>>> print(open('protein25.csv').read())   # CSV, C-alpha atoms and all ligand atoms
chain,number,residue,atom,x,y,z
A,1,MET,CA,-22.0,37.8,2.2
A,2,LEU,CA,-25.8,37.6,2.1
A,3,GLN,CA,-27.6,40.3,0.1
A,4,ASN,CA,-30.9,41.8,0.9
A,5,SER,CA,-32.9,41.0,-2.2
A,6,ASP,CA,-36.5,41.0,-3.6
A,7,LYS,CA,-36.3,37.2,-4.0
A,8,PHE,CA,-38.9,34.9,-2.5
A,9,ILE,CA,-37.7,33.6,0.9
A,10,ILE,CA,-38.6,30.0,0.4
A,11,LYS,CA,-36.7,28.9,3.5
A,12,GLY,CA,-39.3,28.7,6.3
A,13,LYS,CA,-42.3,28.0,4.1
A,14,ASP,CA,-44.5,25.1,5.1
A,15,LEU,CA,-45.7,22.3,2.9
A,16,LEU,CA,-48.8,24.1,1.7
A,17,GLU,CA,-46.9,27.2,0.8
A,18,LEU,CA,-44.3,25.1,-1.1
A,19,GLN,CA,-47.1,23.3,-3.0
A,20,ASP,CA,-48.5,26.7,-3.9
A,21,TRP,CA,-45.2,27.9,-5.1
A,22,CYS,CA,-44.5,24.8,-7.1
A,23,SER,CA,-47.9,24.9,-8.8
A,24,LYS,CA,-47.4,28.6,-9.7
A,25,LYS,CA,-44.1,27.7,-11.3
A,26,GLY,CA,-45.5,24.7,-13.1
A,27,HIS,CA,-43.8,22.0,-11.1
A,28,PRO,CA,-45.7,18.9,-9.9
A,29,LYS,CA,-47.1,19.0,-6.4
A,30,PHE,CA,-44.9,16.1,-5.1
A,31,ARG,CA,-41.8,18.3,-5.6
A,32,ALA,CA,-42.9,20.4,-2.6
A,33,GLN,CA,-42.5,17.4,-0.3
A,34,GLN,CA,-39.0,16.8,-1.7
A,35,LEU,CA,-38.1,20.4,-1.2
A,36,PHE,CA,-39.4,20.4,2.3
A,37,GLU,CA,-37.2,17.5,3.2
A,38,TRP,CA,-34.2,19.0,1.6
A,39,MET,CA,-34.5,22.3,3.5
A,40,TYR,CA,-35.5,20.9,6.9
A,41,PHE,CA,-34.7,17.2,7.2
A,42,HIS,CA,-31.3,17.5,5.4
A,43,GLY,CA,-30.7,21.2,6.1
A,44,GLU,CA,-29.5,21.7,2.5
A,45,SER,CA,-29.5,25.2,1.2
A,46,ASN,CA,-27.8,24.6,-2.2
A,47,PRO,CA,-30.3,23.6,-4.8
A,48,LYS,CA,-27.6,22.0,-7.0
A,49,LEU,CA,-27.1,19.4,-4.2
A,50,MET,CA,-30.8,18.5,-4.0
A,51,SER,CA,-30.2,15.5,-6.1
A,52,ASN,CA,-33.7,14.2,-6.8
A,53,LEU,CA,-35.2,17.5,-8.0
A,54,SER,CA,-35.7,18.3,-11.7
A,55,GLN,CA,-33.3,20.6,-13.4
A,56,SER,CA,-36.0,23.1,-14.1
A,57,LEU,CA,-36.9,23.3,-10.4
A,58,ILE,CA,-33.3,23.7,-9.4
A,59,ASN,CA,-33.0,26.5,-12.0
A,60,ASP,CA,-36.1,28.2,-10.5
A,61,LEU,CA,-34.8,27.9,-7.0
A,62,GLN,CA,-31.5,29.4,-8.0
A,63,ALA,CA,-33.0,32.2,-10.0
A,64,ASP,CA,-35.9,33.3,-7.8
A,65,CYS,CA,-35.5,32.1,-4.2
A,66,VAL,CA,-33.6,32.7,-1.0
A,67,LEU,CA,-32.5,29.4,0.6
A,68,GLN,CA,-30.1,30.8,3.2
A,69,THR,CA,-31.2,33.6,5.5
A,70,LEU,CA,-28.4,33.8,8.1
A,71,GLU,CA,-24.6,34.0,8.0
A,72,ILE,CA,-22.5,33.3,11.0
A,73,GLU,CA,-20.5,36.2,12.3
A,74,LYS,CA,-19.0,34.9,15.5
A,75,VAL,CA,-19.0,31.9,17.9
A,76,SER,CA,-18.3,32.4,21.6
A,77,SER,CA,-17.5,29.3,23.7
A,78,SER,CA,-17.9,29.1,27.5
A,79,GLU,CA,-15.0,27.9,29.5
A,80,ASN,CA,-16.2,24.3,29.6
A,81,GLU,CA,-17.1,24.6,25.9
A,82,ALA,CA,-20.4,22.8,26.3
A,83,THR,CA,-22.2,26.1,25.9
A,84,ASN,CA,-21.7,28.1,22.7
A,85,LYS,CA,-23.2,31.3,21.6
A,86,TYR,CA,-23.7,32.0,17.9
A,87,LEU,CA,-24.0,35.5,16.6
A,88,PHE,CA,-25.7,35.6,13.2
A,89,ARG,CA,-26.0,38.3,10.6
A,90,THR,CA,-29.3,38.7,8.7
A,91,ALA,CA,-29.5,39.8,5.0
A,92,ASP,CA,-30.5,43.3,6.1
A,93,ASN,CA,-27.4,43.5,8.3
A,94,HIS,CA,-28.9,43.0,11.8
A,95,PHE,CA,-27.6,40.6,14.4
A,96,ILE,CA,-29.2,37.9,16.4
A,97,GLU,CA,-27.9,35.3,18.9
A,98,THR,CA,-28.6,31.7,19.5
A,99,VAL,CA,-27.3,29.5,22.3
A,100,SER,CA,-26.4,25.8,22.2
A,101,MET,CA,-26.1,23.9,25.5
A,102,VAL,CA,-24.8,20.4,25.5
A,103,GLU,CA,-25.2,18.2,28.6
A,104,VAL,CA,-24.9,14.5,29.1
A,105,ASN,CA,-28.1,13.3,27.5
A,106,ARG,CA,-29.3,16.6,26.2
A,107,HIS,CA,-28.6,19.3,23.7
A,108,THR,CA,-30.8,22.3,24.2
A,109,VAL,CA,-30.9,25.2,21.7
A,110,CYS,CA,-32.2,28.5,22.8
A,111,ILE,CA,-33.4,30.4,19.8
A,112,SER,CA,-34.4,34.0,19.1
A,113,SER,CA,-37.8,35.0,17.6
A,114,GLN,CA,-37.2,38.8,17.1
A,115,ILE,CA,-34.4,41.2,16.5
A,116,GLY,CA,-34.5,43.0,19.9
A,117,CYS,CA,-37.7,43.1,21.9
A,118,SER,CA,-40.5,45.6,22.6
A,119,VAL,CA,-41.7,44.2,25.9
A,120,ASP,CA,-39.3,46.2,27.9
A,121,CYS,CA,-38.7,44.1,31.0
A,122,ASP,CA,-36.5,46.2,33.2
A,123,PHE,CA,-34.0,43.4,34.1
A,124,CYS,CA,-33.5,42.0,30.6
A,125,ALA,CA,-30.5,42.9,28.4
A,126,THR,CA,-32.5,42.3,25.1
A,127,ALA,CA,-34.8,45.1,26.1
A,128,THR,CA,-32.0,47.7,25.8
A,129,MET,CA,-32.0,47.1,22.0
A,130,GLY,CA,-35.7,48.0,21.5
A,131,ILE,CA,-37.5,46.2,18.8
A,132,ILE,CA,-36.0,46.2,15.3
A,133,ARG,CA,-38.2,43.6,13.6
A,134,ASN,CA,-39.7,40.2,13.8
A,135,LEU,CA,-37.6,37.3,12.4
A,136,ASN,CA,-39.1,35.6,9.5
A,137,THR,CA,-39.7,31.8,9.6
A,138,GLY,CA,-36.6,31.1,7.5
A,139,GLU,CA,-34.4,33.0,10.0
A,140,ILE,CA,-35.9,31.1,12.9
A,141,VAL,CA,-35.4,27.7,11.2
A,142,ASP,CA,-31.9,28.6,10.0
A,143,GLN,CA,-30.7,29.1,13.6
A,144,LEU,CA,-31.4,25.5,14.2
A,145,ASN,CA,-30.1,24.3,10.8
A,146,TYR,CA,-26.8,25.9,11.4
A,147,ILE,CA,-26.3,24.4,14.9
A,148,ARG,CA,-27.5,21.0,13.8
A,149,GLU,CA,-24.7,21.0,11.2
A,150,LYS,CA,-22.0,22.4,13.5
A,151,VAL,CA,-22.6,20.6,16.8
A,152,GLU,CA,-22.1,16.8,16.8
A,153,THR,CA,-24.5,16.1,19.6
A,154,SER,CA,-28.1,15.7,18.2
A,155,ILE,CA,-30.5,18.5,19.2
A,156,THR,CA,-33.0,17.1,21.8
A,157,ASN,CA,-34.7,20.3,23.0
A,158,ILE,CA,-35.6,23.7,21.7
A,159,VAL,CA,-36.6,26.7,23.8
A,160,PHE,CA,-37.9,30.0,22.4
A,161,MET,CA,-36.1,31.9,25.1
A,162,GLY,CA,-33.5,33.8,23.1
A,163,MET,CA,-34.0,37.4,22.0
A,164,GLY,CA,-37.6,38.6,21.5
A,165,GLU,CA,-41.1,37.9,22.7
A,166,PRO,CA,-42.3,34.8,20.7
A,167,PHE,CA,-46.0,35.6,21.1
A,168,LEU,CA,-45.5,39.0,19.5
A,169,ASN,CA,-44.4,37.0,16.4
A,170,TYR,CA,-46.9,34.3,17.0
A,171,GLU,CA,-47.7,33.0,13.5
A,172,ARG,CA,-44.0,32.6,12.4
A,173,VAL,CA,-42.9,31.1,15.7
A,174,LEU,CA,-45.7,28.5,15.6
A,175,LYS,CA,-45.0,27.8,11.9
A,176,SER,CA,-41.3,27.2,12.7
A,177,ALA,CA,-42.2,25.1,15.7
A,178,ASP,CA,-44.4,23.0,13.4
A,179,ILE,CA,-41.4,22.5,11.1
A,180,PHE,CA,-39.2,21.5,14.0
A,181,HIS,CA,-41.8,19.0,15.1
A,182,ASN,CA,-42.6,17.6,11.6
A,183,PRO,CA,-41.0,14.1,11.3
A,184,LYS,CA,-39.8,15.1,7.8
A,185,GLY,CA,-38.5,18.4,9.2
A,186,PHE,CA,-36.4,18.2,12.3
A,187,GLY,CA,-38.5,15.5,13.9
A,188,LEU,CA,-38.6,16.8,17.5
A,189,GLY,CA,-41.3,15.7,19.9
A,190,ALA,CA,-43.8,18.5,20.7
A,191,HIS,CA,-43.0,18.2,24.4
A,192,ARG,CA,-39.3,19.0,23.5
A,193,ILE,CA,-40.2,22.4,22.1
A,194,THR,CA,-40.9,25.1,24.7
A,195,ILE,CA,-42.2,28.6,24.0
A,196,SER,CA,-41.7,31.2,26.7
A,197,THR,CA,-43.8,34.3,26.9
A,198,ALA,CA,-43.8,37.4,29.0
A,199,GLY,CA,-47.5,36.9,29.3
A,200,ILE,CA,-49.3,38.1,26.1
A,201,LEU,CA,-52.6,36.8,27.3
A,202,PRO,CA,-54.6,36.9,24.0
A,203,LYS,CA,-51.9,34.8,22.3
A,204,ILE,CA,-51.8,32.4,25.2
A,205,LYS,CA,-55.5,31.9,24.7
A,206,LYS,CA,-55.1,31.4,21.0
A,207,PHE,CA,-52.3,28.9,21.7
A,208,TYR,CA,-54.7,26.8,23.8
A,209,GLU,CA,-57.7,27.3,21.5
A,210,GLU,CA,-55.6,26.0,18.6
A,211,ASP,CA,-54.8,23.0,20.8
A,212,ARG,CA,-51.1,23.5,20.3
A,213,LYS,CA,-49.0,20.7,21.9
A,214,TYR,CA,-45.8,22.6,22.6
A,215,LYS,CA,-44.8,23.4,26.1
A,216,LEU,CA,-45.7,26.8,27.4
A,217,ALA,CA,-43.7,28.8,29.8
A,218,ILE,CA,-45.0,32.1,31.3
A,219,SER,CA,-42.6,34.5,32.9
A,220,LEU,CA,-44.2,35.5,36.2
A,221,ASN,CA,-41.2,37.0,37.8
A,222,ALA,CA,-43.0,38.5,40.8
A,223,SER,CA,-45.4,37.5,43.5
A,224,ASN,CA,-47.6,40.6,43.4
A,225,ASP,CA,-48.8,43.0,40.7
A,226,GLU,CA,-47.1,46.0,42.2
A,227,THR,CA,-43.6,44.5,41.8
A,228,ARG,CA,-44.4,42.8,38.5
A,229,SER,CA,-45.6,46.1,37.0
A,230,GLU,CA,-42.4,47.8,38.1
A,231,ILE,CA,-40.2,45.2,36.4
A,232,MET,CA,-42.5,44.2,33.6
A,233,PRO,CA,-44.7,46.9,32.2
A,234,VAL,CA,-46.7,44.3,30.3
A,235,ASN,CA,-48.3,43.5,33.7
A,236,ASN,CA,-50.4,46.6,33.4
A,237,LYS,CA,-52.3,44.9,30.6
A,238,TRP,CA,-52.3,41.3,31.7
A,239,PRO,CA,-51.8,40.9,35.5
A,240,ILE,CA,-50.7,38.0,37.5
A,241,SER,CA,-54.2,36.7,38.4
A,242,GLU,CA,-55.1,36.3,34.8
A,243,LEU,CA,-51.9,34.4,34.0
A,244,VAL,CA,-52.2,32.1,36.9
A,245,ALA,CA,-55.9,31.5,36.1
A,246,ILE,CA,-55.2,30.5,32.5
A,247,GLY,CA,-52.4,28.2,33.7
A,248,ARG,CA,-54.8,26.7,36.2
A,249,SER,CA,-57.5,26.1,33.7
A,250,HIS,CA,-55.1,24.2,31.4
A,251,ALA,CA,-53.4,22.2,34.0
A,252,HIS,CA,-55.1,19.0,32.8
A,253,ARG,CA,-54.2,16.7,29.9
A,254,ASN,CA,-50.5,16.6,30.6
A,255,ARG,CA,-50.1,20.1,29.3
A,256,LYS,CA,-48.9,21.8,32.4
A,257,VAL,CA,-47.8,25.3,32.1
A,258,MET,CA,-44.4,26.3,33.5
A,259,PHE,CA,-44.1,29.5,35.4
A,260,GLU,CA,-40.7,31.2,35.4
A,261,TYR,CA,-39.5,33.3,38.2
A,262,VAL,CA,-36.3,35.3,37.9
A,263,LEU,CA,-34.9,35.9,41.3
A,264,LEU,CA,-33.7,39.5,41.7
A,265,ALA,CA,-32.0,40.5,45.0
A,266,GLY,CA,-34.0,42.9,47.1
A,267,VAL,CA,-36.8,43.0,44.5
A,268,ASN,CA,-38.7,39.7,44.5
A,269,ASP,CA,-36.6,37.4,46.7
A,270,SER,CA,-37.9,38.0,50.2
A,271,LEU,CA,-39.4,35.3,52.3
A,272,ASP,CA,-42.7,37.1,52.1
A,273,ASN,CA,-42.4,37.0,48.3
A,274,ALA,CA,-41.9,33.2,48.6
A,275,HIS,CA,-45.0,32.8,50.7
A,276,GLU,CA,-47.0,35.0,48.4
A,277,LEU,CA,-45.9,33.0,45.4
A,278,SER,CA,-46.6,29.7,47.1
A,279,SER,CA,-50.2,30.9,47.9
A,280,LEU,CA,-50.7,32.1,44.3
A,281,LEU,CA,-49.7,28.7,42.9
A,282,ARG,CA,-51.3,26.5,45.6
A,283,GLY,CA,-53.4,23.9,43.9
A,284,VAL,CA,-52.3,24.8,40.4
A,285,ASP,CA,-50.9,21.7,38.7
A,286,CYS,CA,-47.9,23.5,37.1
A,287,LYS,CA,-44.1,23.7,37.2
A,288,LEU,CA,-42.3,26.5,38.8
A,289,ASN,CA,-38.9,27.3,37.4
A,290,ILE,CA,-36.7,29.6,39.6
A,291,ILE,CA,-34.0,31.4,37.7
A,292,PRO,CA,-31.3,33.1,39.8
A,293,TYR,CA,-30.7,36.3,37.9
A,294,ASN,CA,-27.8,36.5,35.5
A,295,GLU,CA,-26.3,39.9,35.9
A,296,THR,CA,-26.1,42.3,33.0
A,297,ASP,CA,-24.8,45.8,33.0
A,298,GLY,CA,-28.0,47.1,34.7
A,299,LYS,CA,-29.0,47.8,38.3
A,300,TYR,CA,-30.2,44.3,39.3
A,301,ARG,CA,-28.2,41.7,41.2
A,302,ARG,CA,-28.4,38.0,41.8
A,303,PRO,CA,-29.3,37.1,45.4
A,304,ASP,CA,-26.6,35.3,47.3
A,305,ASN,CA,-26.9,31.5,47.6
A,306,ASP,CA,-28.3,31.6,51.1
A,307,ALA,CA,-31.1,33.9,50.0
A,308,ILE,CA,-31.8,31.6,47.0
A,309,GLU,CA,-31.8,28.5,49.3
A,310,SER,CA,-34.2,30.1,51.8
A,311,PHE,CA,-36.6,31.2,49.0
A,312,LEU,CA,-36.6,27.7,47.6
A,313,ALA,CA,-37.0,26.1,51.0
A,314,ILE,CA,-40.3,27.9,51.5
A,315,LEU,CA,-41.7,27.0,48.1
A,316,SER,CA,-40.7,23.4,48.4
A,317,ALA,CA,-41.8,22.9,52.0
A,318,ARG,CA,-45.2,24.3,51.2
A,319,GLN,CA,-45.4,22.5,47.9
A,320,LYS,CA,-49.1,22.1,47.0
A,321,GLY,CA,-49.2,20.3,43.7
A,322,TYR,CA,-46.7,22.3,41.7
A,323,ARG,CA,-43.1,21.2,41.1
A,324,VAL,CA,-40.2,23.5,41.8
A,325,MET,CA,-37.0,23.5,39.8
A,326,VAL,CA,-34.0,25.8,39.7
A,327,ARG,CA,-32.4,26.8,36.5
A,328,TRP,CA,-28.8,27.7,36.9
A,329,SER,CA,-28.1,29.3,33.5
A,330,LYS,CA,-25.2,28.1,31.6
A,331,GLY,CA,-22.6,30.2,29.7
A,332,GLN,CA,-22.7,33.3,31.8
A,333,ASP,CA,-19.0,33.9,31.2
A,334,ILE,CA,-20.0,34.5,27.5
A,335,ASP,CA,-23.2,36.4,28.3
A,336,ALA,CA,-25.2,33.5,27.0
A,337,GLY,CA,-27.4,33.0,30.1
A,338,CYS,CA,-31.1,33.8,30.1
A,339,GLY,CA,-31.7,37.4,29.5
A,340,GLN,CA,-28.1,38.2,28.7
A,341,LEU,CA,-28.6,38.2,25.0
A,342,ALA,CA,-28.2,41.5,23.4
A,343,VAL,CA,-26.1,42.5,20.6
A,344,LYS,CA,-24.0,45.0,22.5
A,345,GLN,CA,-22.3,46.6,19.6
A,346,GLU,CA,-23.2,45.8,16.1
A,347,PRO,CA,-19.9,44.5,14.6
A,348,HIS,CA,-18.2,46.5,11.9
A,349,GLU,CA,-18.7,45.6,8.2
B,1,LIG,N1,-39.7,37.0,26.0
B,1,LIG,C1,-39.9,35.7,26.5
B,1,LIG,C2,-38.6,34.8,26.4
B,1,LIG,C3,-37.3,35.4,26.6
B,1,LIG,S1,-36.5,35.3,28.1
B,1,LIG,C4,-40.2,35.7,28.0
B,1,LIG,O1,-40.3,36.8,28.6
B,1,LIG,O2,-40.6,34.7,28.6
B,1,LIG,C5,-36.6,33.8,28.9
B,1,LIG,C6,-36.6,33.9,30.4
B,1,LIG,O3,-35.4,34.5,30.9
B,1,LIG,C7,-37.8,34.7,30.9
B,1,LIG,O4,-38.4,34.0,31.9
B,1,LIG,C8,-37.1,36.0,31.4
B,1,LIG,O5,-37.9,36.5,32.5
B,1,LIG,C9,-35.8,35.4,31.9
B,1,LIG,N2,-34.7,36.4,32.0
B,1,LIG,C10,-34.6,37.6,31.4
B,1,LIG,N3,-33.5,38.3,31.8
B,1,LIG,C11,-32.9,37.4,32.6
B,1,LIG,C12,-31.7,37.5,33.4
B,1,LIG,N4,-30.8,38.5,33.2
B,1,LIG,N5,-31.3,36.5,34.2
B,1,LIG,C13,-32.1,35.4,34.3
B,1,LIG,N6,-33.3,35.3,33.6
B,1,LIG,C14,-33.7,36.3,32.8
>>> encode(input="protein25.csv", output="structure tokens")
Amino acid sequence: MLQNSDKFIIKGKDLLELQDWCSKKGHPKFRAQQLFEWMYFHGESNPKLMSNLSQSLINDLQADCVLQTLEIEKVSSSENEATNKYLFRTADNHFIETVSMVEVNRHTVCISSQIGCSVDCDFCATATMGIIRNLNTGEIVDQLNYIREKVETSITNIVFMGMGEPFLNYERVLKSADIFHNPKGFGLGAHRITISTAGILPKIKKFYEEDRKYKLAISLNASNDETRSEIMPVNNKWPISELVAIGRSHAHRNRKVMFEYVLLAGVNDSLDNAHELSSLLRGVDCKLNIIPYNETDGKYRRPDNDAIESFLAILSARQKGYRVMVRWSKGQDIDAGCGQLAVKQEPHE
């Protein structure tokens, strides 16, 4: 079992940090690159198996560093077995979930960025946990390390849509995305990494200012501020108009934003809502991802198929530049669909 310790969590450190650590410990700088490749390209966490390192470096890693941050607690498989949910235990005895979805030419991994979440969206199961803490970079990276090792199909896409609000853990999320993107790390194209935010505007601005190449998804979830504030209190700070405006101003250069819209029966799924949404996005070169609600224990319901179809028909018929897609979540039978991740009961020791 993993132990909470005072050791240096070297897993998740980027190349500069590894160089810094190597020089402090008196190891040559080039060792940092080797270590980087062992941890991320090869996914190795046992220093003894890092065959090209010096013995003194291996000794230091063993004595002073944490190279494995998560331990698997449970795997749940959906009926068709293509979607699996992994429950991990952290060293300080908390639990996070990660979902792996294998399709014909695709293997998408949905990763968590926080333990719980503070954003408090009324319809989302993770919100019921409250926020426990941010994940460190090692814990974000190890979710992928584990799945890469266990699932035969190569990982093609990563979405930061698991537990937590990625932009409230901005630096670590971006650092881990950089590791996923690095050719000597996980080697995934930038457009294969999507970060989804509830709409933390200052961080969206930062993301663009830093010219980050990853895909950005913004959870709109309502067609007017009244409804959005009801279901997403974060709207009181950063309302719809500002989110759409920032999406609009960054529509160029092949970096289209994706707006997500969870369809909730009787809340945001009326034909008026569809018209309102269509007007909001008219002329915005973006994608619109409609997500029929995955039911949790709460008060919200998924609209029936007719209502979903009618809603879509309006948006598609009046399409003015944006592209509409529907995301039928996978793995609902194991509570692995969007917004169903919450560690219901922390397992016993
Ligand atoms: N905190 C981030 C990422 C996590 S959720 C965000 O808000 O974007 C990823 C997507 O799932 C979000 O668009 C969210 O609105 C949506 N979602 C949350 N609960 C859901 C549920 N029960 N059914 C369907 N989608 C849900």
>>> residues_around(input="protein25.csv", residues="A:Thr197", least_positions_apart="4", cutoff="8 Å", atoms="only C-alpha atoms", output="ChimeraX atom specification")
/A:165-167,216-219
>>> residues_around(input="protein25.csv", residues="stretch 243-250 of chain A", least_positions_apart="2", cutoff="9 Å", atoms="only C-alpha atoms", output="compact mmCIF listing (two decimals) with C-alpha atoms, keeping the file's coordinate frame")
# COMPACT_ATOMS: atom_id res chain seq x y z
CA GLY A 199 -47.50 36.90 29.30
CA LEU A 201 -52.60 36.80 27.30
CA ILE A 204 -51.80 32.40 25.20
CA LYS A 205 -55.50 31.90 24.70
CA TYR A 208 -54.70 26.80 23.80
CA ILE A 218 -45.00 32.10 31.30
CA LEU A 220 -44.20 35.50 36.20
CA TRP A 238 -52.30 41.30 31.70
CA PRO A 239 -51.80 40.90 35.50
CA ILE A 240 -50.70 38.00 37.50
CA SER A 241 -54.20 36.70 38.40
CA HIS A 252 -55.10 19.00 32.80
CA ARG A 253 -54.20 16.70 29.90
CA ASN A 254 -50.50 16.60 30.60
CA ARG A 255 -50.10 20.10 29.30
CA LYS A 256 -48.90 21.80 32.40
CA VAL A 257 -47.80 25.30 32.10
CA MET A 258 -44.40 26.30 33.50
CA PHE A 259 -44.10 29.50 35.40
CA LEU A 280 -50.70 32.10 44.30
CA LEU A 281 -49.70 28.70 42.90
CA GLY A 283 -53.40 23.90 43.90
CA VAL A 284 -52.30 24.80 40.40
CA ASP A 285 -50.90 21.70 38.70
CA CYS A 286 -47.90 23.50 37.10
>>> closest_atom_pairs(input="protein25.csv", of="chain A", to="ligand LIG 1 (chain B)", cutoff="8 Å", atoms="only C-alpha atoms and all ligand atoms", output="Markdown table")
| residue | atom | partner | partner_atom | distance |
| --- | --- | --- | --- | --- |
| A:Cys117 | CA | B:LIG1 | N1 | 7.6 |
| A:Val119 | CA | B:LIG1 | N1 | 7.5 |
| A:Cys121 | CA | B:LIG1 | C10 | 7.7 |
| A:Phe123 | CA | B:LIG1 | N3 | 5.6 |
| A:Cys124 | CA | B:LIG1 | N3 | 3.9 |
| A:Ala125 | CA | B:LIG1 | N3 | 6.5 |
| A:Thr126 | CA | B:LIG1 | N3 | 7.9 |
| A:Phe160 | CA | B:LIG1 | C2 | 6.3 |
| A:Met161 | CA | B:LIG1 | C3 | 4.0 |
| A:Gly162 | CA | B:LIG1 | C3 | 5.4 |
| A:Met163 | CA | B:LIG1 | C3 | 6.0 |
| A:Gly164 | CA | B:LIG1 | N1 | 5.2 |
| A:Glu165 | CA | B:LIG1 | N1 | 3.7 |
| A:Pro166 | CA | B:LIG1 | N1 | 6.3 |
| A:Ile195 | CA | B:LIG1 | C2 | 7.6 |
| A:Ser196 | CA | B:LIG1 | O2 | 4.1 |
| A:Thr197 | CA | B:LIG1 | O2 | 3.6 |
| A:Ala198 | CA | B:LIG1 | O1 | 3.6 |
| A:Gly199 | CA | B:LIG1 | O1 | 7.2 |
| A:Ala217 | CA | B:LIG1 | O2 | 6.8 |
| A:Ile218 | CA | B:LIG1 | O2 | 5.8 |
| A:Ser219 | CA | B:LIG1 | O4 | 4.3 |
| A:Leu220 | CA | B:LIG1 | O5 | 7.4 |
| A:Asn221 | CA | B:LIG1 | O5 | 6.3 |
| A:Glu260 | CA | B:LIG1 | O4 | 5.0 |
| A:Tyr261 | CA | B:LIG1 | O4 | 6.4 |
| A:Val262 | CA | B:LIG1 | N6 | 5.2 |
| A:Leu263 | CA | B:LIG1 | C13 | 7.6 |
| A:Ile291 | CA | B:LIG1 | C13 | 5.6 |
| A:Pro292 | CA | B:LIG1 | C13 | 6.0 |
| A:Tyr293 | CA | B:LIG1 | N5 | 3.8 |
| A:Asn294 | CA | B:LIG1 | N5 | 3.7 |
| A:Glu295 | CA | B:LIG1 | N4 | 5.4 |
| A:Thr296 | CA | B:LIG1 | N4 | 6.0 |
| A:Ser329 | CA | B:LIG1 | C13 | 7.3 |
| A:Gly337 | CA | B:LIG1 | N5 | 6.7 |
| A:Cys338 | CA | B:LIG1 | N6 | 4.4 |
| A:Gly339 | CA | B:LIG1 | N3 | 3.1 |
| A:Gln340 | CA | B:LIG1 | N4 | 5.3 |
>>> atom_distance(input="protein25.csv", atom1="atom CA of A:Ala82", atom2="atom CA of A:Arg323")
27.1 Å
>>> closest_residue(input="protein25.csv", among="A:Val267, A:Ile9, A:Leu168, A:Ala274", to="A:Arg302", atoms="all atoms listed in the file")
A:Val267
>>> residues_around(input="protein25.csv", residues="A:Asp122", least_positions_apart="6", cutoff="9 Å", atoms="only C-alpha atoms", output="PyMOL selection string")
chain A and resi 128+230-233+298+300
>>> residues_around(input="protein25.csv", residues="stretch 48-53 of chain A", least_positions_apart="2", cutoff="8 Å", atoms="all atoms listed in the file", output="compact mmCIF listing (two decimals) with C-alpha atoms, keeping the file's coordinate frame")
# COMPACT_ATOMS: atom_id res chain seq x y z
CA ARG A 31 -41.80 18.30 -5.60
CA GLN A 34 -39.00 16.80 -1.70
CA LEU A 35 -38.10 20.40 -1.20
CA TRP A 38 -34.20 19.00 1.60
CA GLU A 44 -29.50 21.70 2.50
CA ASN A 46 -27.80 24.60 -2.20
CA GLN A 55 -33.30 20.60 -13.40
CA LEU A 57 -36.90 23.30 -10.40
CA ILE A 58 -33.30 23.70 -9.40
>>> atom_distance(input="protein25.csv", atom1="atom CA of A:Ser316", atom2="atom CA of A:Glu242")
23.6 Å
>>> atom_distance(input="protein25.csv", atom1="atom CA of A:Cys110", atom2="atom CA of A:Gly138")
16.1 Å
>>> residues_around(input="protein25.csv", residues="A:Arg212", least_positions_apart="3", cutoff="10 Å", atoms="all atoms listed in the file", output="list in words")
Leu174, Asp178, Ala190, Lys206, Phe207, Tyr208, Glu209, Lys215, Leu216 and Arg255 of chain A
>>> closest_residue(input="protein25.csv", among="A:Leu135, A:Met101, A:Ala342, A:Val66", to="A:Tyr170", atoms="all atoms listed in the file")
A:Leu135
>>> closest_residue(input="protein25.csv", among="A:Gly321, A:Asp333, A:Asp304, A:Leu341", to="A:Leu288", atoms="all atoms listed in the file")
A:Gly321
>>> closest_residue(input="protein25.csv", among="A:Leu16, A:Val102, A:Val141, A:Ile290", to="A:Ile179", atoms="only C-alpha atoms")
A:Val141
>>> closest_residue(input="protein25.csv", among="A:His42, A:His94, A:His27, A:Arg172", to="A:Asn4", atoms="all atoms listed in the file")
A:His94
